[in-house]
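S.K.: Questions regarding the structure given below will be posed in turn.
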Amino acid sequence: MIVFSNLCPHFQRVAAIFLFACVVVNAGVIDNRIDKYVDVHGNCAVPTKLLNEIQSYQPIVNKIAKEILNGNFTGDTWNSLSEFIDEFGPRFSGSKSLECSIDYMVNKLKEVGLENVHTENATIPRWQRGYESAHLVEPHEQNLPLLGFGFSVGTPRGGIIGDVVVVESFDELDRLSDDVVHGKIVVFAPEWVSYGVTVQYRSKGASRAAKKGAIAALVRSITPFSIGSPHTGMQTYEQGVAQIPVAAITVEDSKMLLRLYRRGKRMTIRLKMEDRNLDPYDSRNTIAELHGRTQPIDKKVVVVSGHLDSWDVGVGAMDDGGGAFISWKAIEFLKKMNLRPARTIRSILWTGEEVGIVGAQDYQRAHAANEQEEFNFFIESDIGTFEPTGLDFTGNADAECIFKEILKLMAPLNATEFAKPTDGGPDIERWTKRGFPGASLLNKNENYFWYHHSAGDSMLLEQPQNLDKATALFAACAYVVADLSIDMPRDIQ
């Protein structure tokens, strides 16, 4: 069902909206009609009056682009992000740095005049990286840089030493007898296919090796490119399977070990990992709002979001400091431009994304009772903030047709590309997978996984102009969706 109401403040659009929505202008009467925006052939058929309404936002989008790219706010997102990153560095779940950075953000959001600034608790699992080392003992002595995967158990005190079995795939491991693998360290050296495909060796490698009797697992870093840099990330133990230490090694070392193994060389590695799991603790999602002009402030909210936590290597500028900052800067700049839409725009800076997306999980649970009334649209950035090209979209066919028209307004930003991913982004997919419409940033991030979860994630990856464009894109898109005379269609499951 599509709900229509008179929400537009701009006199030049009143007549068009009046004819389209059939509302009483001053009273804000809602017309509960069912309209479809797709014809019998599956093509978009958005009514002319709604098209005219969407197109009437072009001057506002132009203003947003001008002020952020070449006006009062130029470079502000980069300056604010760099100050934050340099102040707090890595912000891993359970760390003092993360919690201090949340306190900082609460004060900053209040300082710039945003509304309803507060935090909401989320219970986060806690893991602590300790001393880690791997050393090839045979056939020659060589240090092997490594990073334990999140929630890996440690080795026994003093470490372990074991012969090595190297495989390129789970199928190759399965073809080996248990006797061949038992008591050994399994090294996974798969070819890079894509993150979605290759990450399974990080996620499942420990348990797959443990089932064959391995004492530890080492995994080629999940990256297409390496200069001797290990990349960390989450892994999960299979229930009922022995938990063994598991860590990333560099692409170079994994391929070297594979070559030696293929030549029949005996290899022995000494491994020491003092990592450990601790009790869960309470962290916080950070929330700020730009309150809607006519709708109740907690109804039909448009969410813009990114996550504040990072891994403990690198400083999380790319993953996901940039995404978090373009989200809250978008509503700060709208407020300073006196652009207050009909519905509330809410910026959420998630916590605990890197350790299981648990901040979003707890937030969804806390808001589940009234979520259909509370939320209208979700936007997220968590795949880098390089030069933006458009937005991914997740939603039903009616919402897709409307959103495509909104995206055409983004021509001043050269960001009109439309794509349909399999989900809406890690933190917002709890809603988009059930039918809420949402979008996530499309950007020129071909090299994103070169730096992902590694020491290479630094402020050097962030460029002021790219952040300005991404901020303007989020601000413009959120404003139009939040101000339209209709709610975005959805099919809630």
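Quick note on naming: the chains in the structure tokens go A, B, ... in the order shown, residues restart at 1 in each chain, and ligands are numbered from 1 in order of appearance.
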For segment 427-442 of chain A, find every residue with an atom within 6 Å (counting only C-alpha atoms), except residues of its own chain fewer than 3 positions away, and show them as a ChimeraX atom specification.
M.R.: /A:360,377-381,388-395,423-424,490-493
S.K.: Can I get the selected residues back with all heavy atoms, as a short mmCIF file (atom, residue, chain, number, x, y, z; two decimals), in the first residue's frame?
M.R.:
data_model
loop_
_atom_site.label_atom_id
_atom_site.label_comp_id
_atom_site.auth_asym_id
_atom_site.auth_seq_id
_atom_site.Cartn_x
_atom_site.Cartn_y
_atom_site.Cartn_z
N ALA A 360 23.99 -3.83 14.72
CA ALA A 360 22.75 -3.74 13.95
C ALA A 360 21.75 -4.79 14.41
O ALA A 360 20.54 -4.54 14.44
CB ALA A 360 23.06 -3.92 12.46
N PHE A 377 13.16 3.86 4.80
CA PHE A 377 14.23 3.58 3.84
C PHE A 377 15.55 3.51 4.61
O PHE A 377 15.73 4.21 5.60
CB PHE A 377 14.29 4.69 2.79
CG PHE A 377 15.02 4.34 1.54
CD1 PHE A 377 14.42 3.58 0.55
CD2 PHE A 377 16.33 4.78 1.33
CE1 PHE A 377 15.09 3.26 -0.62
CE2 PHE A 377 17.01 4.47 0.16
CZ PHE A 377 16.39 3.70 -0.83
N PHE A 378 16.46 2.65 4.13
CA PHE A 378 17.77 2.48 4.76
C PHE A 378 18.87 2.75 3.74
O PHE A 378 18.79 2.30 2.59
CB PHE A 378 17.93 1.06 5.29
CG PHE A 378 17.04 0.72 6.45
CD1 PHE A 378 15.74 0.28 6.25
CD2 PHE A 378 17.50 0.85 7.76
CE1 PHE A 378 14.92 -0.03 7.31
CE2 PHE A 378 16.69 0.53 8.83
CZ PHE A 378 15.39 0.10 8.61
N ILE A 379 19.92 3.45 4.17
CA ILE A 379 21.09 3.71 3.33
C ILE A 379 22.33 3.37 4.14
O ILE A 379 22.42 3.66 5.33
CB ILE A 379 21.14 5.18 2.88
CG1 ILE A 379 19.83 5.59 2.19
CG2 ILE A 379 22.32 5.42 1.94
CD1 ILE A 379 19.76 7.06 1.81
N GLU A 380 23.31 2.77 3.47
CA GLU A 380 24.54 2.37 4.16
C GLU A 380 25.75 2.55 3.24
O GLU A 380 25.63 2.43 2.02
CB GLU A 380 24.46 0.90 4.59
CG GLU A 380 25.73 0.41 5.26
CD GLU A 380 25.67 -1.06 5.69
OE1 GLU A 380 24.80 -1.79 5.20
OE2 GLU A 380 26.51 -1.46 6.50
N SER A 381 26.89 2.81 3.85
CA SER A 381 28.17 2.76 3.13
C SER A 381 29.12 1.88 3.93
O SER A 381 29.44 2.19 5.08
CB SER A 381 28.77 4.16 2.98
OG SER A 381 30.07 4.09 2.42
N PRO A 388 32.37 8.13 -5.86
CA PRO A 388 31.06 7.50 -5.99
C PRO A 388 30.57 7.50 -7.43
O PRO A 388 30.83 8.44 -8.19
CB PRO A 388 30.17 8.36 -5.10
CG PRO A 388 30.84 9.69 -5.05
CD PRO A 388 32.31 9.42 -5.16
N THR A 389 29.84 6.44 -7.80
CA THR A 389 29.27 6.35 -9.14
C THR A 389 27.76 6.23 -9.12
O THR A 389 27.11 6.35 -10.15
CB THR A 389 29.85 5.14 -9.89
OG1 THR A 389 29.54 3.93 -9.16
CG2 THR A 389 31.36 5.27 -10.05
N GLY A 390 27.18 5.95 -7.96
CA GLY A 390 25.74 5.79 -7.86
C GLY A 390 25.39 5.04 -6.60
O GLY A 390 26.10 5.11 -5.60
N LEU A 391 24.29 4.28 -6.66
CA LEU A 391 23.82 3.56 -5.48
C LEU A 391 23.30 2.18 -5.88
O LEU A 391 22.61 2.02 -6.89
CB LEU A 391 22.70 4.34 -4.78
CG LEU A 391 23.12 5.65 -4.10
CD1 LEU A 391 21.92 6.53 -3.84
CD2 LEU A 391 23.86 5.36 -2.80
N ASP A 392 23.65 1.19 -5.06
CA ASP A 392 22.99 -0.11 -5.12
C ASP A 392 21.58 0.05 -4.57
O ASP A 392 21.35 0.88 -3.67
CB ASP A 392 23.73 -1.13 -4.26
CG ASP A 392 24.89 -1.77 -4.97
OD1 ASP A 392 24.84 -1.89 -6.20
OD2 ASP A 392 25.85 -2.17 -4.29
N PHE A 393 20.66 -0.76 -5.04
CA PHE A 393 19.29 -0.67 -4.52
C PHE A 393 18.77 -2.06 -4.23
O PHE A 393 18.97 -3.00 -5.00
CB PHE A 393 18.36 0.02 -5.51
CG PHE A 393 16.92 0.02 -5.07
CD1 PHE A 393 16.48 0.93 -4.12
CD2 PHE A 393 16.04 -0.92 -5.56
CE1 PHE A 393 15.17 0.91 -3.68
CE2 PHE A 393 14.71 -0.95 -5.13
CZ PHE A 393 14.28 -0.04 -4.19
N THR A 394 18.06 -2.19 -3.11
CA THR A 394 17.36 -3.41 -2.76
C THR A 394 15.93 -3.04 -2.40
O THR A 394 15.70 -2.16 -1.57
CB THR A 394 18.03 -4.11 -1.56
OG1 THR A 394 19.41 -4.32 -1.85
CG2 THR A 394 17.38 -5.45 -1.26
N GLY A 395 14.96 -3.70 -3.03
CA GLY A 395 13.56 -3.42 -2.75
C GLY A 395 12.67 -4.01 -3.81
O GLY A 395 13.13 -4.65 -4.76
N ASP A 423 22.08 -8.20 -1.50
CA ASP A 423 21.64 -7.75 -0.18
C ASP A 423 21.80 -6.24 -0.15
O ASP A 423 22.24 -5.62 -1.11
CB ASP A 423 22.43 -8.41 0.95
CG ASP A 423 23.94 -8.19 0.81
OD1 ASP A 423 24.37 -7.03 0.75
OD2 ASP A 423 24.68 -9.19 0.75
N GLY A 424 21.44 -5.62 0.97
CA GLY A 424 21.49 -4.18 1.04
C GLY A 424 22.71 -3.62 1.71
O GLY A 424 22.80 -2.42 1.92
N ARG A 490 7.03 -1.14 -0.12
CA ARG A 490 7.80 -2.29 0.39
C ARG A 490 6.89 -3.49 0.55
O ARG A 490 5.67 -3.37 0.63
CB ARG A 490 8.49 -1.95 1.73
CG ARG A 490 7.56 -1.78 2.92
CD ARG A 490 7.23 -0.34 3.22
NE ARG A 490 6.50 -0.17 4.46
CZ ARG A 490 7.06 0.07 5.64
NH1 ARG A 490 8.37 0.12 5.74
NH2 ARG A 490 6.33 0.24 6.71
N ASP A 491 7.50 -4.66 0.58
CA ASP A 491 6.80 -5.92 0.81
C ASP A 491 7.44 -6.59 2.00
O ASP A 491 8.44 -7.31 1.85
CB ASP A 491 6.87 -6.83 -0.42
CG ASP A 491 6.21 -6.21 -1.65
OD1 ASP A 491 5.15 -5.60 -1.47
OD2 ASP A 491 6.77 -6.35 -2.75
N ILE A 492 6.94 -6.34 3.18
CA ILE A 492 7.59 -6.83 4.40
C ILE A 492 7.24 -8.30 4.60
O ILE A 492 6.08 -8.71 4.56
CB ILE A 492 7.12 -6.01 5.63
CG1 ILE A 492 7.35 -4.52 5.37
CG2 ILE A 492 7.88 -6.48 6.87
CD1 ILE A 492 8.77 -4.16 5.06
N GLN A 493 8.30 -9.09 4.82
CA GLN A 493 8.11 -10.51 5.08
C GLN A 493 8.13 -10.79 6.57
O GLN A 493 8.81 -10.14 7.32
CB GLN A 493 9.22 -11.31 4.39
CG GLN A 493 9.26 -11.14 2.89
CD GLN A 493 10.43 -11.84 2.25
OE1 GLN A 493 11.19 -12.54 2.92
NE2 GLN A 493 10.60 -11.65 0.96
#
S.K.: Can you pull out the residues contacting Tyr131 of chain A? Cut-off 8 Å, using only C-alpha atoms, and skip same-chain residues under 2 positions away; I want them as an MDAnalysis selection string.
M.R.: chainID A and resid 129 133 272:275
S.K.: Output all heavy atoms of each residue in that selection to a file, as a JSON list (two decimals), in the first residue's frame.
M.R.:
[["chain", "number", "residue", "atom", "x", "y", "z"],
["A", 129, "ARG", "N", 43.58, -10.07, 20.79],
["A", 129, "ARG", "CA", 44.77, -10.58, 20.11],
["A", 129, "ARG", "C", 45.96, -10.48, 21.05],
["A", 129, "ARG", "O", 46.22, -9.43, 21.65],
["A", 129, "ARG", "CB", 45.04, -9.76, 18.85],
["A", 129, "ARG", "CG", 46.15, -10.34, 17.98],
["A", 129, "ARG", "CD", 46.50, -9.42, 16.81],
["A", 129, "ARG", "NE", 45.34, -9.09, 16.00],
["A", 129, "ARG", "CZ", 44.81, -9.88, 15.07],
["A", 129, "ARG", "NH1", 45.34, -11.07, 14.85],
["A", 129, "ARG", "NH2", 43.77, -9.49, 14.36],
["A", 133, "SER", "N", 53.14, -15.43, 16.40],
["A", 133, "SER", "CA", 54.30, -15.62, 15.54],
["A", 133, "SER", "C", 54.20, -16.97, 14.83],
["A", 133, "SER", "O", 53.62, -17.92, 15.35],
["A", 133, "SER", "CB", 55.62, -15.55, 16.34],
["A", 133, "SER", "OG", 55.73, -16.67, 17.19],
["A", 272, "LYS", "N", 52.94, -19.80, 17.43],
["A", 272, "LYS", "CA", 52.57, -19.36, 18.77],
["A", 272, "LYS", "C", 51.52, -18.26, 18.65],
["A", 272, "LYS", "O", 51.72, -17.27, 17.97],
["A", 272, "LYS", "CB", 53.79, -18.84, 19.54],
["A", 272, "LYS", "CG", 53.49, -18.50, 20.99],
["A", 272, "LYS", "CD", 54.76, -18.16, 21.75],
["A", 272, "LYS", "CE", 54.49, -17.93, 23.24],
["A", 272, "LYS", "NZ", 55.71, -17.60, 23.99],
["A", 273, "MET", "N", 50.38, -18.46, 19.31],
["A", 273, "MET", "CA", 49.30, -17.47, 19.32],
["A", 273, "MET", "C", 48.73, -17.39, 20.72],
["A", 273, "MET", "O", 48.24, -18.39, 21.26],
["A", 273, "MET", "CB", 48.20, -17.87, 18.32],
["A", 273, "MET", "CG", 48.65, -17.86, 16.86],
["A", 273, "MET", "SD", 47.41, -18.54, 15.72],
["A", 273, "MET", "CE", 46.03, -17.43, 16.01],
["A", 274, "GLU", "N", 48.81, -16.21, 21.30],
["A", 274, "GLU", "CA", 48.30, -16.00, 22.65],
["A", 274, "GLU", "C", 46.95, -15.29, 22.63],
["A", 274, "GLU", "O", 46.60, -14.56, 23.55],
["A", 274, "GLU", "CB", 49.32, -15.21, 23.48],
["A", 274, "GLU", "CG", 50.63, -15.96, 23.68],
["A", 274, "GLU", "CD", 51.67, -15.18, 24.47],
["A", 274, "GLU", "OE1", 51.48, -13.94, 24.63],
["A", 274, "GLU", "OE2", 52.65, -15.79, 24.91],
["A", 275, "ASP", "N", 46.17, -15.51, 21.58],
["A", 275, "ASP", "CA", 44.84, -14.92, 21.45],
["A", 275, "ASP", "C", 43.87, -15.61, 22.41],
["A", 275, "ASP", "O", 44.03, -16.79, 22.74],
["A", 275, "ASP", "CB", 44.33, -15.08, 20.01],
["A", 275, "ASP", "CG", 45.33, -14.56, 18.98],
["A", 275, "ASP", "OD1", 46.14, -13.69, 19.34],
["A", 275, "ASP", "OD2", 45.29, -15.03, 17.84]]
S.K.: For the contact check between segment 317-408 of chain A and segment 71-94 of chain A, emit one row per residue of segment 317-408 of chain A within 9 Å, containing the shortest atom pair and the distance in Å rounded to one decimal, counting only C-alpha atoms, chain then rising number order, as a Markdown table.
M.R.:
| residue | atom | partner | partner_atom | distance |
| --- | --- | --- | --- | --- |
| A:Ala317 | CA | A:Ile85 | CA | 6.6 |
| A:Gly321 | CA | A:Leu81 | CA | 6.9 |
| A:Gly322 | CA | A:Leu81 | CA | 6.9 |
| A:Phe325 | CA | A:Leu81 | CA | 6.5 |
| A:Ile326 | CA | A:Thr77 | CA | 6.7 |
| A:Lys329 | CA | A:Thr77 | CA | 6.6 |
| A:Phe333 | CA | A:Phe73 | CA | 7.4 |
| A:Thr351 | CA | A:Ser93 | CA | 7.8 |
| A:Gly352 | CA | A:Ser93 | CA | 6.0 |
| A:Glu353 | CA | A:Ser93 | CA | 8.8 |
| A:Glu354 | CA | A:Ser93 | CA | 7.9 |
| A:Val355 | CA | A:Ser93 | CA | 7.3 |
S.K.: Within 8 Å of Glu138 of chain A, counting only C-alpha atoms, which residues show up once you throw out same-chain ones fewer than 3 positions away? Write them as a list of chain:residue names, please.
M.R.: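 Here the qualifying residues turn out to be A:Glu141, A:Arg266, A:Met267, A:Thr268, A:Ile269.
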S.K.: Find the residues near Lys265 of chain A: any atom within 9 Å, counting only C-alpha atoms, skip ones fewer than 5 places away on the same chain, and give them as number ranges by chain.
M.R.: A: 138-139, 259-260
S.K.: Could those residues be written to a file, using N, CA and C atoms, as a PDB file, in the first residue's frame?
M.R.:
ATOM      1  N   GLU A 138      61.659 -25.944   8.748  1.00  0.00           N
ATOM      2  CA  GLU A 138      62.186 -26.747   7.650  1.00  0.00           C
ATOM      3  C   GLU A 138      61.354 -26.464   6.404  1.00  0.00           C
ATOM      4  N   PRO A 139      61.934 -26.473   5.224  1.00  0.00           N
ATOM      5  CA  PRO A 139      63.317 -26.842   4.855  1.00  0.00           C
ATOM      6  C   PRO A 139      64.333 -25.725   5.040  1.00  0.00           C
ATOM      7  N   ARG A 259      54.207 -24.365  -3.336  1.00  0.00           N
ATOM      8  CA  ARG A 259      55.212 -24.851  -4.284  1.00  0.00           C
ATOM      9  C   ARG A 259      56.121 -25.895  -3.638  1.00  0.00           C
ATOM     10  N   LEU A 260      56.548 -25.625  -2.419  1.00  0.00           N
ATOM     11  CA  LEU A 260      57.409 -26.578  -1.718  1.00  0.00           C
ATOM     12  C   LEU A 260      56.692 -27.902  -1.488  1.00  0.00           C
TER      13      LEU A 260
END
S.K.: Would you list, as a ChimeraX atom specification, the residues of segment 88-259 of chain A that end up in strand (DSSP E or B) under DSSP run on this structure's backbone?
M.R.: /A:115-128,132-138,142-143,146-148,150,160-167,185-188,216-220,234,246-249
S.K.: Keeping only N, CA and C atoms, take the residues you just selected and write them out as a CSV table (one decimal), in the first residue's frame.
M.R.:
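Written out: out.csv:
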chain,number,residue,atom,x,y,z
A,115,GLU,N,20.0,16.6,16.3
A,115,GLU,CA,18.9,16.4,17.3
A,115,GLU,C,18.8,14.9,17.8
A,116,ASN,N,18.3,14.8,19.0
A,116,ASN,CA,18.1,13.5,19.6
A,116,ASN,C,19.4,12.6,19.6
A,117,VAL,N,20.5,13.2,19.9
A,117,VAL,CA,21.8,12.5,19.9
A,117,VAL,C,21.8,11.6,21.1
A,118,HIS,N,22.0,10.4,20.9
A,118,HIS,CA,22.1,9.4,22.0
A,118,HIS,C,22.7,8.1,21.6
A,119,THR,N,22.9,7.2,22.5
A,119,THR,CA,23.5,5.9,22.2
A,119,THR,C,22.5,4.8,22.7
A,120,GLU,N,22.6,3.7,22.0
A,120,GLU,CA,21.7,2.5,22.4
A,120,GLU,C,22.7,1.3,22.6
A,121,ASN,N,22.6,0.6,23.7
A,121,ASN,CA,23.5,-0.5,24.0
A,121,ASN,C,23.4,-1.6,23.0
A,122,ALA,N,24.5,-2.3,22.8
A,122,ALA,CA,24.6,-3.5,22.1
A,122,ALA,C,25.6,-4.4,22.8
A,123,THR,N,25.2,-5.7,23.0
A,123,THR,CA,26.1,-6.6,23.7
A,123,THR,C,27.0,-7.2,22.6
A,124,ILE,N,28.3,-7.0,22.8
A,124,ILE,CA,29.3,-7.4,21.8
A,124,ILE,C,30.2,-8.5,22.3
A,125,PRO,N,30.4,-9.5,21.5
A,125,PRO,CA,31.4,-10.6,21.8
A,125,PRO,C,32.8,-9.9,21.9
A,126,ARG,N,33.7,-10.5,22.7
A,126,ARG,CA,35.0,-9.8,22.9
A,126,ARG,C,36.1,-10.8,22.7
A,127,TRP,N,37.1,-10.4,21.9
A,127,TRP,CA,38.2,-11.3,21.6
A,127,TRP,C,39.5,-10.4,21.7
A,128,GLN,N,40.6,-11.0,22.2
A,128,GLN,CA,41.8,-10.2,22.4
A,128,GLN,C,42.9,-10.9,21.7
A,132,GLU,N,51.6,-13.1,18.6
A,132,GLU,CA,51.5,-14.1,17.5
A,132,GLU,C,52.7,-14.2,16.7
A,133,SER,N,53.1,-15.4,16.4
A,133,SER,CA,54.3,-15.6,15.5
A,133,SER,C,54.2,-17.0,14.8
A,134,ALA,N,54.7,-17.0,13.6
A,134,ALA,CA,54.9,-18.2,12.9
A,134,ALA,C,56.3,-18.3,12.3
A,135,HIS,N,56.9,-19.4,12.4
A,135,HIS,CA,58.3,-19.5,11.9
A,135,HIS,C,58.4,-20.8,11.1
A,136,LEU,N,58.8,-20.7,9.9
A,136,LEU,CA,59.2,-21.9,9.1
A,136,LEU,C,60.5,-22.5,9.6
A,137,VAL,N,60.5,-23.7,10.0
A,137,VAL,CA,61.7,-24.3,10.6
A,137,VAL,C,62.4,-25.2,9.5
A,138,GLU,N,61.7,-25.9,8.7
A,138,GLU,CA,62.2,-26.7,7.6
A,138,GLU,C,61.4,-26.5,6.4
A,142,GLN,N,62.6,-19.3,8.2
A,142,GLN,CA,62.0,-18.1,7.6
A,142,GLN,C,60.8,-17.6,8.5
A,143,ASN,N,60.8,-16.3,8.8
A,143,ASN,CA,59.6,-15.8,9.6
A,143,ASN,C,58.5,-15.7,8.6
A,146,LEU,N,52.0,-13.1,10.2
A,146,LEU,CA,50.6,-13.6,10.3
A,146,LEU,C,49.7,-12.7,11.2
A,147,LEU,N,48.4,-12.9,11.0
A,147,LEU,CA,47.4,-12.3,11.9
A,147,LEU,C,46.4,-13.3,12.2
A,148,GLY,N,46.1,-13.5,13.5
A,148,GLY,CA,45.1,-14.4,13.9
A,148,GLY,C,43.7,-13.9,13.4
A,150,GLY,N,39.6,-13.4,13.9
A,150,GLY,CA,38.8,-13.1,15.0
A,150,GLY,C,38.2,-14.3,15.7
A,160,ILE,N,53.1,-24.4,19.4
A,160,ILE,CA,53.1,-25.8,18.8
A,160,ILE,C,54.1,-25.8,17.7
A,161,ILE,N,54.4,-27.0,17.3
A,161,ILE,CA,55.3,-27.2,16.1
A,161,ILE,C,54.7,-28.4,15.4
A,162,GLY,N,54.6,-28.3,14.1
A,162,GLY,CA,54.0,-29.4,13.3
A,162,GLY,C,54.4,-29.4,11.9
A,163,ASP,N,54.4,-30.6,11.3
A,163,ASP,CA,54.6,-30.7,9.8
A,163,ASP,C,53.4,-30.0,9.1
A,164,VAL,N,53.6,-29.8,7.8
A,164,VAL,CA,52.6,-29.0,7.1
A,164,VAL,C,52.0,-29.7,5.9
A,165,VAL,N,50.7,-29.6,5.8
A,165,VAL,CA,50.0,-30.1,4.6
A,165,VAL,C,49.4,-28.8,3.9
A,166,VAL,N,49.6,-28.7,2.6
A,166,VAL,CA,49.1,-27.5,1.9
A,166,VAL,C,48.1,-27.9,0.8
A,167,VAL,N,47.0,-27.3,0.8
A,167,VAL,CA,45.9,-27.6,-0.2
A,167,VAL,C,45.4,-26.3,-0.8
A,185,ILE,N,49.7,-29.1,10.6
A,185,ILE,CA,49.2,-27.8,10.3
A,185,ILE,C,48.8,-27.7,8.9
A,186,VAL,N,47.5,-27.4,8.7
A,186,VAL,CA,47.0,-27.3,7.3
A,186,VAL,C,47.1,-25.9,6.8
A,187,VAL,N,47.7,-25.7,5.7
A,187,VAL,CA,47.8,-24.4,5.0
A,187,VAL,C,46.8,-24.4,3.8
A,188,PHE,N,45.9,-23.4,3.8
A,188,PHE,CA,45.0,-23.2,2.6
A,188,PHE,C,45.6,-22.2,1.7
A,216,ALA,N,46.3,-27.0,13.7
A,216,ALA,CA,46.2,-25.6,13.4
A,216,ALA,C,45.9,-25.4,11.9
A,217,ALA,N,45.4,-24.2,11.6
A,217,ALA,CA,45.2,-23.9,10.2
A,217,ALA,C,45.8,-22.5,9.9
A,218,LEU,N,46.4,-22.4,8.7
A,218,LEU,CA,46.9,-21.1,8.2
A,218,LEU,C,46.3,-20.8,6.9
A,219,VAL,N,45.8,-19.6,6.6
A,219,VAL,CA,45.0,-19.3,5.4
A,219,VAL,C,45.6,-18.2,4.6
A,220,ARG,N,45.7,-18.4,3.3
A,220,ARG,CA,46.1,-17.3,2.4
A,220,ARG,C,45.3,-16.1,2.7
A,234,MET,N,36.9,-12.1,10.5
A,234,MET,CA,36.2,-13.0,11.3
A,234,MET,C,36.2,-14.5,10.8
A,246,VAL,N,43.8,-20.5,14.2
A,246,VAL,CA,43.7,-20.2,12.8
A,246,VAL,C,44.1,-18.8,12.5
A,247,ALA,N,44.9,-18.6,11.5
A,247,ALA,CA,45.5,-17.3,11.2
A,247,ALA,C,45.7,-17.1,9.8
A,248,ALA,N,45.8,-15.8,9.4
A,248,ALA,CA,46.1,-15.5,8.0
A,248,ALA,C,47.7,-15.4,7.8
A,249,ILE,N,48.1,-15.8,6.7
A,249,ILE,CA,49.5,-15.6,6.3
A,249,ILE,C,49.5,-14.8,5.0
S.K.: Of the candidates A:Gly154, A:Gly314, A:Pro412, A:Gly323, which one gets nearest to Thr471 of chain A if we count only C-alpha atoms?
M.R.: A:Gly323
S.K.: Grab the atom CA of Val480 of chain A to atom CA of Asn43 of chain A distance for me, in Å with one decimal place.
M.R.: 22.9 Å
S.K.: So the first atom is atom CA of His307 of chain A and the second is atom CA of Asp483 of chain A; what is the distance between them in Å, to one decimal place?
M.R.: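 Atom-to-atom, atom CA of His307 of chain A and atom CA of Asp483 of chain A are spaced 25.4 Å apart.
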S.K.: Please report, as a list in words, each residue of segment 111-209 of chain A to which DSSP assigns helix (DSSP H, G or I) when run on this structure's backbone.
M.R.: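 Assigned to helix (DSSP H, G or I), within segment 111-209 of chain A: Glu111, Phe170, Asp171, Glu172, Leu173, Asp174, Arg175, Asp178, Asp179, Val180, Val181, Tyr195, Gly196, Val197, Thr198, Gln200, Tyr201, Arg202, Ser203, Lys204, Gly205, Ala206, Ser207, Arg208 and Ala209 of chain A.
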S.K.: Give me the residues within 12 Å of Val199 of chain A as JSON, numbers by chain, counting only C-alpha atoms and dropping any in the same chain fewer than 3 places off.
M.R.: {"A": [149, 169, 188, 189, 190, 191, 192, 193, 194, 195, 196, 202, 203, 204, 205, 219, 220, 221, 222, 223, 224, 231, 232, 233, 234, 235, 236, 248, 449]}
S.K.: Pick from A:Ile64, A:Leu114, A:Cys100, A:Ile244: nearest to Ser347 of chain A, with only C-alpha atoms counted?
M.R.: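 For Ser347 of chain A, the nearest of the candidates is A:Leu114.
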S.K.: Residues at most 10 Å from Ile60 of chain A, counting only C-alpha atoms, excluding those fewer than 2 positions away in the same chain, as a ChimeraX atom specification?
M.R.: /A:56-58,62-66,339,409,476,479-480
S.K.: Please identify all polymer residues within 8 Å of Asp298 of chain A, counting only C-alpha atoms, omitting same-chain residues fewer than 3 positions from it, and present them as a count of residues only.
M.R.: 3
S.K.: Using only C-alpha atoms, which residue out of A:Trp328, A:Tyr237, A:Phe225, A:Tyr363 lies closest to Ala209 of chain A?
M.R.: A:Tyr237
